[in-house]
Amino acid sequence: MPRLKILFVVSECVPFSKTGGLADVAGALPLALAEAGHDVRVVMPAYRVAKRYLARQIAAAEQQLEGSGPVSAPAVAAAAAGTPAIAAADAALAEAAPTHVASPDAAPSLMAAQGGDGAPPAERFMPHRLPDALGVPVGGGEAWTGIWETRLEPGTPGAPAPRVYLIEHDVLYDRDGIYGDAHGEFGDNLIRYALLSRGALQLCHALGFWPDIVHVHDWQSALVPLYINVLEHRSPLARAATVLTIHNLGYQGWFNKAQLPITGLGWDQFHRFCLEAYDSINLLKAGIYNATIVSTVSPRYAQEIQTWEGGEGLDGVLRDRGSDVVGILNGIDDSIWNPATDPHIAATYSAEDLSGKRLCKAALQREMGLEERPDVPLLGLISRLATQKGIDILAGALDHILSLDVQFVILGSGERWAEDLFSRISGSSDRFRVYVGMNEGLAHRIEAGADLFLMPSRYEPCGLNQLYSQRYGTLPVVRAVGGLDDTVENNVTGFKFEEMSSMALGNTVAWAVHLYRADPAYFRTMQLRAMKKNFGWSHQARQYEALYRLAISRRTGRQI
């Protein structure tokens with residue numbers, strides 16, 4: 001089959017920036033598609049944290065050149081200052097909206113780790129700024145932006161490396177936080193992501209890159225399908241099919257209708273089959289109606305969001321799209337999450353030899369100040385401490401769980417009551433420990449050292465930790481929703497419960513603990529089954545490729 005030209009338009013992407021699972025997908029799926037032979041490009045904003053990563057890329061690349069020295073982090077930011085057109089646009093854009101506004105779309109943890117702080121690998125791509133500024137019609141005028149070009153860095157040396165273009169506009173993107181900060185969600189987010197969406201299409205014109213498929217993600221780039229349908233119908237972009245992936249329907253991009261002129265669209269697009277919802281702007285709704293195909297991050301979640309209970313007010317819109325709504329599971333980077341090679345854990349191991357997992361358990365017990373007991377079931381949980389993640393029913397079940405003679409380690413941060421409660425118990429119990437915050441190395445060590453991993457979510461579009469857990473032979477205990485239900489087989493590779501209650505969670509943990517003690521041979525069989533499952537991105541990439549070809553066929557009538 002002919003290779004495809006694929007454009008990703010995303011609001012975050014590992015390793016440049018991250019607040020959640022979208023960034024992991026945006027960093028991994030393009031690499032898998034490029035490995036399959038496709039021409040893949042990624043467009044995203046040049047946030048402050050992303051420019052810091054670019055600076056480290058430049059420094060590492062220059063150090064490989066004979067006689068060159070490192071580049072300091074401010075060098076990247078300083079480069080944009082020399083563009084008069086950008087400076088001229090700043091004053092007008094600064095008045096586009098107030099700095100902060102309360103919003104139901106605020107990120108769950110606006111001050112969570114923003115990514116971009118990893119060390120670039122030794123194999124370098126030299127980021128560079130394109131010579132010409134890019135004009136983007138937005139907000140009733142034209143915003144002038146800089147464009148940085150770099151590459152996504154494959155885990156395998158010599159593998160294809162998709163191009164990444166970062167749209168630079170310091171007034172809109174050079175700030176702490178991605179969607180908001182400690183004061184709330186940024187009040188100018190509409191213009192920030194209208195600029196991303198329109199800018200990605202303007203960049204295609206500037207580069208002469210005409211994609212077969214444009215893959216957009218969540219509300220932040222949901223304007224792209226609408227822009228293609230309305231503003232690009234006479235350009236080569238009119239032939240591009242679009243796929244909108246919904247990572248979390250709870251965040252929809254709500255804005256006051258008075259801000260519609262910011263988008264550059266007319267009032268003829270403000271109607272119930274496009275941007276209008278309850279007399280406000282809803283960007284995700286417009287994307288759902290205008291995308292060629294809508295996807296979600298698990299088959300079960302694709303069904304749930306078409307129900308009144310799970311549709312977040314858009315279930316009718318999604319039902320209108322019918323068979324155009326599909327679910328494809330996320331994958332994991334199995335070069336990073338691999339117990340056979342993981343540098344973060346005390347001992348490596350595999351399905352062929354599990355002896356290293358016992359050493360990882362002992363090391364985790366020592367690290368967390370727990371008694372070193374190989375016979376006791378060790379439970380783990382890594383999560384945002386929020387009611388969406390079922391932390392409230394965990395709190396209600398905790399006395400029952402700890403009475404089972406188990407040990408329990410939690411890693412995460414979130415709602416203050418949960419942090420305080422778990423911290424108090426951690427200080428008084430010899431079987432329970434909590435680390436408030438995030439620690440990547442400890443996350444790997446919990447996955448490797450625990451016997452069971454808890455995920456009692458109210459809803460979970462896909463989930464990743466249950467995939468990591470199975471990869472590490474740590475059997476997940478999950479509520480049967482969304483991607484958790486799709487990826488865990490009850491009493492085969494993990495344990496599932498249906499009712500959202502402390503009793504259901506406690507009883508399911510009790511069953512798992514009983515099996516651990518009463519039938520260790522079967523428990524080990526479950527571990528081996530789980531470890532042999534393939535959650536790598538190559539399989540998911542093939543599913544997306546098939547989806548792209550279907551979308552192209554629906555858009556153009558071409559079979560490619």
# chains A, B, ... in the order shown; residues from 1 in each chain; ligands from 1
$ residues_around --residues "segment 165-172 of chain A" --least-positions-apart "5" --cutoff "7 Å" --atoms "only C-alpha atoms" --output "PyMOL selection string"
chain A and resi 42-46+90+94+145-150+192
$ write_last_selection --atoms "C-alpha atoms" --output "JSON list (two decimals), in the first residue's frame"
[["chain", "number", "residue", "atom", "x", "y", "z"],
["A", 42, "VAL", "CA", 3.81, 16.89, 14.33],
["A", 43, "VAL", "CA", 2.78, 20.50, 15.07],
["A", 44, "MET", "CA", 2.55, 21.80, 18.64],
["A", 45, "PRO", "CA", 3.03, 25.05, 20.61],
["A", 46, "ALA", "CA", 6.48, 26.19, 21.69],
["A", 90, "ASP", "CA", 2.37, 41.07, 20.82],
["A", 94, "ALA", "CA", -1.96, 40.67, 24.94],
["A", 145, "THR", "CA", 4.95, 33.41, 14.70],
["A", 146, "GLY", "CA", 8.30, 31.72, 14.60],
["A", 147, "ILE", "CA", 8.63, 28.03, 13.73],
["A", 148, "TRP", "CA", 11.16, 25.70, 15.29],
["A", 149, "GLU", "CA", 11.87, 22.41, 13.54],
["A", 150, "THR", "CA", 13.29, 19.36, 15.27],
["A", 192, "ARG", "CA", -3.88, 30.16, 22.05]]
$ closest_residue --among "A:Asp430, A:Glu304, A:Glu499, A:Glu440" --to "Asp405 of chain A" --atoms "only C-alpha atoms"
A:Asp430
$ select_by_dssp --residues "segment 143-258 of chain A" --states "strand (DSSP E)" --output "number ranges by chain"
A: 143-151, 163-168, 180-181, 184-186, 213-217, 241-246, 254-255
$ write_last_selection --atoms "C-alpha atoms" --output "mmCIF file, in the first residue's frame"
data_model
loop_
_atom_site.group_PDB
_atom_site.id
_atom_site.type_symbol
_atom_site.label_atom_id
_atom_site.label_comp_id
_atom_site.auth_asym_id
_atom_site.auth_seq_id
_atom_site.Cartn_x
_atom_site.Cartn_y
_atom_site.Cartn_z
ATOM 1 C CA ALA A 143 -0.353 36.928 14.339
ATOM 2 C CA TRP A 144 3.260 36.471 13.321
ATOM 3 C CA THR A 145 4.951 33.408 14.697
ATOM 4 C CA GLY A 146 8.304 31.717 14.595
ATOM 5 C CA ILE A 147 8.626 28.034 13.728
ATOM 6 C CA TRP A 148 11.164 25.698 15.286
ATOM 7 C CA GLU A 149 11.869 22.412 13.537
ATOM 8 C CA THR A 150 13.288 19.358 15.270
ATOM 9 C CA ARG A 151 12.632 15.612 15.348
ATOM 10 C CA ARG A 163 9.655 16.056 12.060
ATOM 11 C CA VAL A 164 8.242 18.237 14.833
ATOM 12 C CA TYR A 165 7.317 21.875 14.262
ATOM 13 C CA LEU A 166 6.829 24.109 17.300
ATOM 14 C CA ILE A 167 4.806 27.286 16.795
ATOM 15 C CA GLU A 168 6.455 30.075 18.745
ATOM 16 C CA GLY A 180 -3.269 27.089 33.300
ATOM 17 C CA ASP A 181 -1.369 27.763 36.492
ATOM 18 C CA GLY A 184 -6.757 28.695 37.247
ATOM 19 C CA GLU A 185 -7.108 28.048 33.556
ATOM 20 C CA PHE A 186 -5.636 30.689 31.260
ATOM 21 C CA ILE A 213 -4.759 12.719 6.941
ATOM 22 C CA VAL A 214 -4.788 15.298 9.729
ATOM 23 C CA HIS A 215 -5.001 13.713 13.182
ATOM 24 C CA VAL A 216 -6.190 16.105 15.893
ATOM 25 C CA HIS A 217 -6.586 15.474 19.599
ATOM 26 C CA ALA A 241 -9.357 13.593 5.812
ATOM 27 C CA THR A 242 -9.466 14.289 9.525
ATOM 28 C CA VAL A 243 -9.495 12.064 12.588
ATOM 29 C CA LEU A 244 -10.376 13.549 15.980
ATOM 30 C CA THR A 245 -9.250 11.473 18.957
ATOM 31 C CA ILE A 246 -11.042 12.107 22.259
ATOM 32 C CA TRP A 254 -16.121 25.892 26.527
ATOM 33 C CA PHE A 255 -15.920 29.642 25.793
#
$ closest_residue --among "A:Ile58, A:Leu29, A:Ala200, A:Leu207" --to "Ser11 of chain A" --atoms "only C-alpha atoms"
A:Ala200
$ residues_around --residues "segment 442-449 of chain A" --least-positions-apart "5" --cutoff "6 Å" --atoms "only C-alpha atoms" --output "list in words"
Ile345, Cys360, Lys361, Leu364, Ser469 and Tyr472 of chain A
